[in-house]
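Asks: First the structure, then my questions, so here it is.
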4 protein chains.
Amino acid sequence: MGYSFRNDYSEGCHQSILEAMLKSNLDQQVGYGEDEFNIEAKNILREKMGNPNADIHLVSGGTQANLIVISSILRPYESVVAANTGHINVHETGAIEATGHKVNVVDSKDGKLTPEGIKEVLDFHTDEHMVKPRLVYISNTTEIGTVYNKKELGELWSFCKENDLLLFLDGARLGSALTSHENDLSLAELSKLVDVFYIGGTKNGALLGEAIVINNDELKKNFRFHLKQRGALLAKGRVLGLQFLELFKNDLFFDLAKHSNSMAIKLSQGIKEQGYEFLTKPESNQIFPILPNELIEKLSKKYEFYVWAKEDETSSSIRLVTSWATSEEAVDEFIQDLAKR
Amino acid sequence: MGYSFRNDYSEGCHQSILEAMLKSNLDQQVGYGEDEFNIEAKNILREKMGNPNADIHLVSGGTQANLIVISSILRPYESVVAANTGHINVHETGAIEATGHKVNVVDSKDGKLTPEGIKEVLDFHTDEHMVKPRLVYISNTTEIGTVYNKKELGELWSFCKENDLLLFLDGARLGSALTSHENDLSLAELSKLVDVFYIGGTKNGALLGEAIVINNDELKKNFRFHLKQRGALLAKGRVLGLQFLELFKNDLFFDLAKHSNSMAIKLSQGIKEQGYEFLTKPESNQIFPILPNELIEKLSKKYEFYVWAKEDETSSSIRLVTSWATSEEAVDEFIQDLAKR
Amino acid sequence: MGYSFRNDYSEGCHQSILEAMLKSNLDQQVGYGEDEFNIEAKNILREKMGNPNADIHLVSGGTQANLIVISSILRPYESVVAANTGHINVHETGAIEATGHKVNVVDSKDGKLTPEGIKEVLDFHTDEHMVKPRLVYISNTTEIGTVYNKKELGELWSFCKENDLLLFLDGARLGSALTSHENDLSLAELSKLVDVFYIGGTKNGALLGEAIVINNDELKKNFRFHLKQRGALLAKGRVLGLQFLELFKNDLFFDLAKHSNSMAIKLSQGIKEQGYEFLTKPESNQIFPILPNELIEKLSKKYEFYVWAKEDETSSSIRLVTSWATSEEAVDEFIQDLAKR
Amino acid sequence: MGYSFRNDYSEGCHQSILEAMLKSNLDQQVGYGEDEFNIEAKNILREKMGNPNADIHLVSGGTQANLIVISSILRPYESVVAANTGHINVHETGAIEATGHKVNVVDSKDGKLTPEGIKEVLDFHTDEHMVKPRLVYISNTTEIGTVYNKKELGELWSFCKENDLLLFLDGARLGSALTSHENDLSLAELSKLVDVFYIGGTKNGALLGEAIVINNDELKKNFRFHLKQRGALLAKGRVLGLQFLELFKNDLFFDLAKHSNSMAIKLSQGIKEQGYEFLTKPESNQIFPILPNELIEKLSKKYEFYVWAKEDETSSSIRLVTSWATSEEAVDEFIQDLAKR
């Protein structure tokens, strides 16, 4: 297998996390997420968000987080609104529908939702013969690498509150979003513009783990019942606690994301300098250059990446993903190989 | 917190697993369980079971394994039969029902199902106004520490095949079962007497992980779709692969279980010698001594354990669980403290 | 086919309902239950119950009513408590579980639930590893013909309110209950001792139809969405409206039930006089005499009925059901045939 | 309320059905759809379709038929493909999703699906991270009044069989489709080009009732369990049996549909003659003329109809629906009123 830019979960986890696991390995701890590491990690997160009342729950992965959060909120006839590119729409094997709920889709060029797009859905759903849209799902970064800024998120938040909608942010790549050059939101600010969101660990240096943060008091009740029912309460929940403790006790989470973003910027600049365009503006650790098909074929012999879409007869977009573990050497080499074509 | 006999997941994992994780940490691997560690672990398991065609899937926990296996098998109107003590009946927050299926309950004194018990359920369900029992769920060891022997499992298997039923074995504590002094089944033999089962890692020295093994060809189709839909496909599936590779590449899995069982035997002998009875015969790493309430209260100041049930006005049963990590010193001390009363 | 005492839905409907249908047949009416007949029928019902704020919805059948009411109320992790004999427990093909919810079963000799029985379920379900019982389901008459009196229902209601439980009464045979000699509740009184209930039409002279009555304001919201989602909103909802308009515009509903009960009393007295016992005390239109097996066989050549259960080696209980349409001649003849044995 | 062209279920049912109900009202019949009328109606239908092995089940309404058929067929991870205008997509309150399944949407101008449209969905869904499309849902007539001809349906059928897809036809308005001037299919021919379909009674002269016809042997097994579980087995199933017996024992079903279509043709010709266009070509009992907004407002004072969509600043499309009960006088009057503007 060549060097992989296929995703941001090809390696294990940051060394310090493994070390913390080794160090505490034989400590006896309470099960199911009520261990000391969970408690401490959650306290730190609450402090960083300036929200001492946030409910925080650590789960294993993004699809699990999405299906539990969404099904915990909606009444049977209520639906969730998402961009067509939203992870829950196509890439989770109908996990949301399997909990009984429709995903209302809004077409989006840049992966983001806007009040106008959501309003169209609301206007269309007028009575009991149709589902009742109740929750808005957005991803930051989006699935095509774009980043919400404060104005955009604030407008969504206002629109939701005016229309009795709840706002849920999928932060599988929140680290990359918050350290993007396009970002003007702090974690604390972002956390106040959503009802519930999660902070992705898996794609930012953890072995596994997403931290669901519930701000809206009405959504907090009995949440652990939902976790258990969906198979998300790990007996050794300590593993999840340790991931987030290490990521947040200092600023490792942000440092790792910055490295990831800087590798993507370097890659995108090298590509741009050779005259290639991009499907969406490079803003985070996922970039989508458009390259000639024969170049793509050549590169694919040495590198792993995902061919995203056919753009015209002779060229396609590809997805390159950098991570906390991406080496600068690999980036340099890729750019050189691109130039050699 | 005192020394804990509360469960078998109070500690982290066996040291060799952490070392293997450290060693391979920066290897780039394919995601979602298709990495080299998964492949190798599954090959070893297939070989140990003498079944080159078994489908094997690694998931994070027992409730997750149970809900995915059961919902993958049953048609909407079909049900699963379980003992009243079965984990899926009470202790999974309705996880099976949340996938749409009824659990038909058979009362059992020793935690085991028998053909007679299942037959009563079949005889009762006669037409389309009732669910159609289709799957039998058993646990080995059972939730109250008992172990199925070859004759018992063989009779269940024959009964199931004669009655067009499928047999699923929850092996969250399969290690303890297979190394019990009551056991006369090898892993290979057991695997041929069920349609599907899982091998528990979490409660036998792994950080997390249960290995679902599907023998029945009809149950194999598109199983990964079920995993994804229920949020069970970890991006860094390598973590799960490594657990089972370490547990099974030599006989670590069995060695850890033997230690756990021997600690339980030692505990139960010490308790027996002081004249106490047991709720069920000590056969595995969960034992249920019946003790005077005031002794229980005294012990509970120094040790963690679960008070199981009131037995009469002055005594109760407690559950003591040993694990791969239980120290002989702790066992000795507990017995001494018991004698001191 | 012999004369049928098998159930109370062997005939069509009371003649006056068909006449009302004929008379209004070509009137154009709004669809989906918002027609004039629905409106008028619901107004009459609200008046009879002395509750101008009750929400009323007409659906086609009992299983449909049960599954919609229960799934509309419960959060995903919540369960419903029922007697083992409860219709939702065995006789609805897992309809409740198919909406995602567990039925917690309480063993009951007489088909009724008591505060003590429910309390055992509550005491057993203590944390997030188990479902949270939230709703209590009772039937009046019960599935074995018994009737709740005011004291019993009042105690259940108080217990539910003290324990944050909701109370739902399945009134598939409510007419028979309210006109039983054991009954001391008016429809208005009963309606104030439950959060939600339904009034059965199908088994008391209607072609089809059950009237769901919601008293608890919190359960009213958006109920028509649930109806539509489960396929219960009939395009020609007028049919259901007309049934209940005819049954309640005068006291036809009660008159029909009285006839049904009086036929059952006559039957049970005739049986008693010949020295036979009953499984449960005859209180409504379902009676359960215990007869010698050879007599049962003889009777079954001339009459249709359900053999309920084997009672000892030589006798069994049978279920005899009378209805609004049962003829006194048939009752007399059955008693004579019984005597002839 | 003015004369209603709002839908085809404003009136009761054809007089002969009520008469048959009256005549048989006091016959005792077996419950739950196993009565003589059901048996006879189904035999007649099988004969008319030239398919003695078809399984036929009568249910109350279209949403109920759709959700039961679809959920009976699909495995949890499988999806159904529908046109954006398909009834299951928007107008059933997420009934399909509530059974756990995603609806994959294909945009369609004329309400019909084509092999090309379905192929796009198939090509997009490539692995276990996405649902697996397995069933194709079409409506005939479509929700916007168009009709499939033999060539179109045959091509869909062939495409489905080549791609391991099942084909389900929603025939809520099948009568109108089969008697349309655009139709070249007999009921027997159509029934051989689908795996399962239903024949709509409610919108073609019955009080209620849709006849689900299953041709594909693999889809027949235990279907009555699905009916019961979803609350669709009416105790007095005789009501449904009688509807279809009356509709099909002679050709009443087709005669009523012909009347409905001829009224729609007359309406559309009258509208056309006054120079107005249509949203879709008038082919069945639903027509969609585009009229000036002020004319619409004037007409709406005297007639009931649905304003479909804004077409430009000054005009909108409306939906006019005729039925078996539409009077020629009302049609004439509408046309005259239109001319008077």
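Identifiers in the structure tokens: chain A, B, ... in order shown; residue index from 1 per chain; ligand index from 1 in order shown.
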Any idea what's packed within 7 Å of segment 250-257 of chain C, counting only C-alpha atoms, ignoring anything in its chain fewer than 6 positions away? Could you give it as an NGL selection string?
Replies: :C and (175-176 or 179 or 204-205 or 324)
Asks: How would the residues just chosen look if you wrote them out with all heavy atoms as a CSV table (one decimal), in the first residue's frame?
Replies:
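Saved result, selection.csv, follows:
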```
chain,number,residue,atom,x,y,z
C,175,GLY,N,-68.0,-1.4,26.3
C,175,GLY,CA,-69.4,-1.4,26.4
C,175,GLY,C,-69.9,-2.5,27.4
C,175,GLY,O,-70.7,-2.3,28.3
C,176,SER,N,-69.3,-3.7,27.2
C,176,SER,CA,-69.7,-4.8,28.1
C,176,SER,C,-69.2,-4.5,29.5
C,176,SER,O,-70.0,-4.8,30.5
C,176,SER,CB,-69.0,-6.1,27.6
C,176,SER,OG,-69.4,-7.2,28.4
C,179,THR,N,-71.6,-1.9,31.3
C,179,THR,CA,-73.0,-2.4,31.5
C,179,THR,C,-73.0,-3.7,32.3
C,179,THR,O,-74.0,-4.4,32.4
C,179,THR,CB,-73.7,-2.6,30.2
C,179,THR,OG1,-73.0,-3.5,29.4
C,179,THR,CG2,-73.9,-1.2,29.5
C,204,ASN,N,-68.9,-4.1,19.6
C,204,ASN,CA,-70.2,-3.7,20.1
C,204,ASN,C,-71.1,-3.1,19.1
C,204,ASN,O,-71.7,-2.0,19.3
C,204,ASN,CB,-70.0,-2.8,21.3
C,204,ASN,CG,-71.2,-2.6,22.2
C,204,ASN,OD1,-72.1,-3.5,22.3
C,204,ASN,ND2,-71.4,-1.5,22.9
C,205,GLY,N,-71.2,-3.7,18.0
C,205,GLY,CA,-72.2,-3.3,17.0
C,205,GLY,C,-71.8,-2.4,15.9
C,205,GLY,O,-72.7,-2.2,15.0
C,324,TRP,N,-74.0,-8.1,20.7
C,324,TRP,CA,-75.2,-7.4,20.4
C,324,TRP,C,-76.2,-8.2,19.5
C,324,TRP,O,-77.4,-7.9,19.6
C,324,TRP,CB,-74.8,-6.1,19.7
C,324,TRP,CG,-74.3,-6.3,18.3
C,324,TRP,CD1,-73.0,-6.6,18.0
C,324,TRP,CD2,-75.0,-6.3,17.1
C,324,TRP,NE1,-72.9,-6.8,16.7
C,324,TRP,CE2,-74.1,-6.6,16.1
C,324,TRP,CE3,-76.4,-6.1,16.8
C,324,TRP,CZ2,-74.5,-6.7,14.8
C,324,TRP,CZ3,-76.7,-6.1,15.4
C,324,TRP,CH2,-75.8,-6.4,14.4
```
Asks: As a PDB file with C-alpha atoms, in the first residue's frame, list the residues of segment 157-333 of chain D assigned to helix (DSSP H, G or I) by DSSP on the backbone atoms of this structure.
Replies:
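That gives us states-v8.pdb:
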```
ATOM      1  CA  TRP D 157     -39.736  -4.842 -15.168  1.00  0.00           C
ATOM      2  CA  SER D 158     -36.829  -6.019 -17.314  1.00  0.00           C
ATOM      3  CA  PHE D 159     -34.464  -3.565 -15.694  1.00  0.00           C
ATOM      4  CA  CYS D 160     -35.514  -4.696 -12.241  1.00  0.00           C
ATOM      5  CA  LYS D 161     -35.044  -8.358 -13.052  1.00  0.00           C
ATOM      6  CA  GLU D 162     -31.616  -7.693 -14.573  1.00  0.00           C
ATOM      7  CA  LEU D 174     -55.299   1.669 -10.765  1.00  0.00           C
ATOM      8  CA  GLY D 175     -58.889   1.731 -12.015  1.00  0.00           C
ATOM      9  CA  SER D 176     -58.346   5.110 -13.596  1.00  0.00           C
ATOM     10  CA  ALA D 177     -55.036   3.962 -15.063  1.00  0.00           C
ATOM     11  CA  LEU D 178     -56.415   0.787 -16.650  1.00  0.00           C
ATOM     12  CA  LEU D 187     -55.125  -6.094 -15.395  1.00  0.00           C
ATOM     13  CA  ALA D 188     -53.758  -9.559 -16.151  1.00  0.00           C
ATOM     14  CA  GLU D 189     -50.883  -8.173 -18.211  1.00  0.00           C
ATOM     15  CA  LEU D 190     -49.985  -5.562 -15.638  1.00  0.00           C
ATOM     16  CA  SER D 191     -50.022  -8.136 -12.850  1.00  0.00           C
ATOM     17  CA  THR D 202     -61.220   3.508  -1.753  1.00  0.00           C
ATOM     18  CA  LYS D 203     -60.717   5.894  -4.667  1.00  0.00           C
ATOM     19  CA  ASN D 204     -62.857   3.903  -7.040  1.00  0.00           C
ATOM     20  CA  ASP D 217     -43.528 -16.514  -4.356  1.00  0.00           C
ATOM     21  CA  GLU D 218     -40.676 -15.324  -2.158  1.00  0.00           C
ATOM     22  CA  LEU D 219     -42.731 -12.416  -0.905  1.00  0.00           C
ATOM     23  CA  PHE D 223     -47.641 -12.148   5.082  1.00  0.00           C
ATOM     24  CA  ARG D 224     -50.578 -12.264   7.470  1.00  0.00           C
ATOM     25  CA  PHE D 225     -48.121 -11.842  10.354  1.00  0.00           C
ATOM     26  CA  HIS D 226     -47.119  -8.504   8.865  1.00  0.00           C
ATOM     27  CA  LEU D 227     -50.761  -7.483   8.508  1.00  0.00           C
ATOM     28  CA  LYS D 228     -51.500  -8.279  12.122  1.00  0.00           C
ATOM     29  CA  GLN D 229     -48.369  -6.642  13.471  1.00  0.00           C
ATOM     30  CA  ARG D 238     -65.933  -9.225   5.819  1.00  0.00           C
ATOM     31  CA  VAL D 239     -66.374  -5.509   5.154  1.00  0.00           C
ATOM     32  CA  LEU D 240     -63.300  -5.483   2.946  1.00  0.00           C
ATOM     33  CA  GLY D 241     -64.234  -8.758   1.291  1.00  0.00           C
ATOM     34  CA  LEU D 242     -67.626  -7.437   0.297  1.00  0.00           C
ATOM     35  CA  GLN D 243     -66.171  -4.296  -1.284  1.00  0.00           C
ATOM     36  CA  PHE D 244     -63.997  -6.240  -3.668  1.00  0.00           C
ATOM     37  CA  LEU D 245     -66.590  -8.898  -4.324  1.00  0.00           C
ATOM     38  CA  GLU D 246     -69.016  -6.240  -5.499  1.00  0.00           C
ATOM     39  CA  LEU D 247     -66.393  -4.339  -7.480  1.00  0.00           C
ATOM     40  CA  PHE D 248     -65.159  -7.401  -9.334  1.00  0.00           C
ATOM     41  CA  LYS D 249     -67.950  -9.963  -9.526  1.00  0.00           C
ATOM     42  CA  LEU D 252     -68.217  -2.527 -11.671  1.00  0.00           C
ATOM     43  CA  PHE D 253     -64.604  -1.601 -10.853  1.00  0.00           C
ATOM     44  CA  PHE D 254     -63.902  -0.790 -14.503  1.00  0.00           C
ATOM     45  CA  ASP D 255     -67.259   0.857 -15.140  1.00  0.00           C
ATOM     46  CA  LEU D 256     -66.793   3.244 -12.245  1.00  0.00           C
ATOM     47  CA  ALA D 257     -63.284   4.117 -13.359  1.00  0.00           C
ATOM     48  CA  LYS D 258     -64.473   4.749 -16.903  1.00  0.00           C
ATOM     49  CA  HIS D 259     -67.070   7.185 -15.649  1.00  0.00           C
ATOM     50  CA  SER D 260     -64.478   8.957 -13.576  1.00  0.00           C
ATOM     51  CA  ASN D 261     -62.111   9.249 -16.537  1.00  0.00           C
ATOM     52  CA  SER D 262     -64.809  10.417 -18.897  1.00  0.00           C
ATOM     53  CA  MET D 263     -65.744  13.189 -16.495  1.00  0.00           C
ATOM     54  CA  ALA D 264     -62.088  14.238 -16.341  1.00  0.00           C
ATOM     55  CA  ILE D 265     -61.832  14.217 -20.132  1.00  0.00           C
ATOM     56  CA  LYS D 266     -64.911  16.324 -20.456  1.00  0.00           C
ATOM     57  CA  LEU D 267     -63.540  18.765 -17.894  1.00  0.00           C
ATOM     58  CA  SER D 268     -60.153  18.969 -19.555  1.00  0.00           C
ATOM     59  CA  GLN D 269     -61.656  19.480 -23.003  1.00  0.00           C
ATOM     60  CA  GLY D 270     -63.824  22.265 -21.707  1.00  0.00           C
ATOM     61  CA  ILE D 271     -60.804  23.891 -20.111  1.00  0.00           C
ATOM     62  CA  LYS D 272     -58.639  23.393 -23.173  1.00  0.00           C
ATOM     63  CA  GLU D 273     -61.258  24.931 -25.428  1.00  0.00           C
ATOM     64  CA  ASN D 293     -54.902  33.403 -10.050  1.00  0.00           C
ATOM     65  CA  GLU D 294     -57.938  35.635 -10.052  1.00  0.00           C
ATOM     66  CA  LEU D 295     -59.968  33.057 -11.884  1.00  0.00           C
ATOM     67  CA  ILE D 296     -58.838  30.457  -9.366  1.00  0.00           C
ATOM     68  CA  GLU D 297     -59.994  32.664  -6.574  1.00  0.00           C
ATOM     69  CA  LYS D 298     -63.367  33.165  -8.188  1.00  0.00           C
ATOM     70  CA  LEU D 299     -63.845  29.444  -8.813  1.00  0.00           C
ATOM     71  CA  GLU D 328     -72.016  15.426 -15.429  1.00  0.00           C
ATOM     72  CA  GLU D 329     -74.024  18.454 -14.327  1.00  0.00           C
ATOM     73  CA  ALA D 330     -71.285  19.571 -12.022  1.00  0.00           C
ATOM     74  CA  VAL D 331     -68.739  19.232 -14.808  1.00  0.00           C
ATOM     75  CA  ASP D 332     -70.873  21.226 -17.205  1.00  0.00           C
ATOM     76  CA  GLU D 333     -71.438  23.877 -14.633  1.00  0.00           C
TER      77      GLU D 333
END
```
Asks: Based on only C-alpha atoms, which of the residues in chain B come within 9 Å of chain A? I want them as an MDAnalysis selection string.
Replies: chainID B and resid 1 3:4 6:7 9:15 18:19 21:22 24:31 60:67 92:96 98:99 202:203 207:208 225:226 228:236 238:239 325
Asks: Which neighbours of segment 137-152 of chain D fall inside 8 Å, counting only C-alpha atoms, when residues of the same chain fewer than 6 positions from it are skipped, and could you give them as a ChimeraX atom specification?
Replies: /D:80-83,85-87,110-114,167-174,176-177,180,182-185,190,280-288
Asks: Using DSSP secondary structure from the backbone, list all strand (DSSP E or B) positions within segment 31-219 of chain B, as a ChimeraX atom specification.
Replies: /B:55-59,78-83,103-106,132-139,166-171,196-200,210-214
Asks: Could you please determine the separation between atom CA of Val105 of chain A and atom CA of Lys102 of chain D in Å, to one decimal place?
Replies: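 Atom-to-atom, atom CA of Val105 of chain A and atom CA of Lys102 of chain D are spaced 12.2 Å apart.
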Asks: Between atom CA of Ile118 of chain D and atom CA of Val106 of chain D, what distance in Å does the model show, to one decimal?
Replies: 7.1 Å
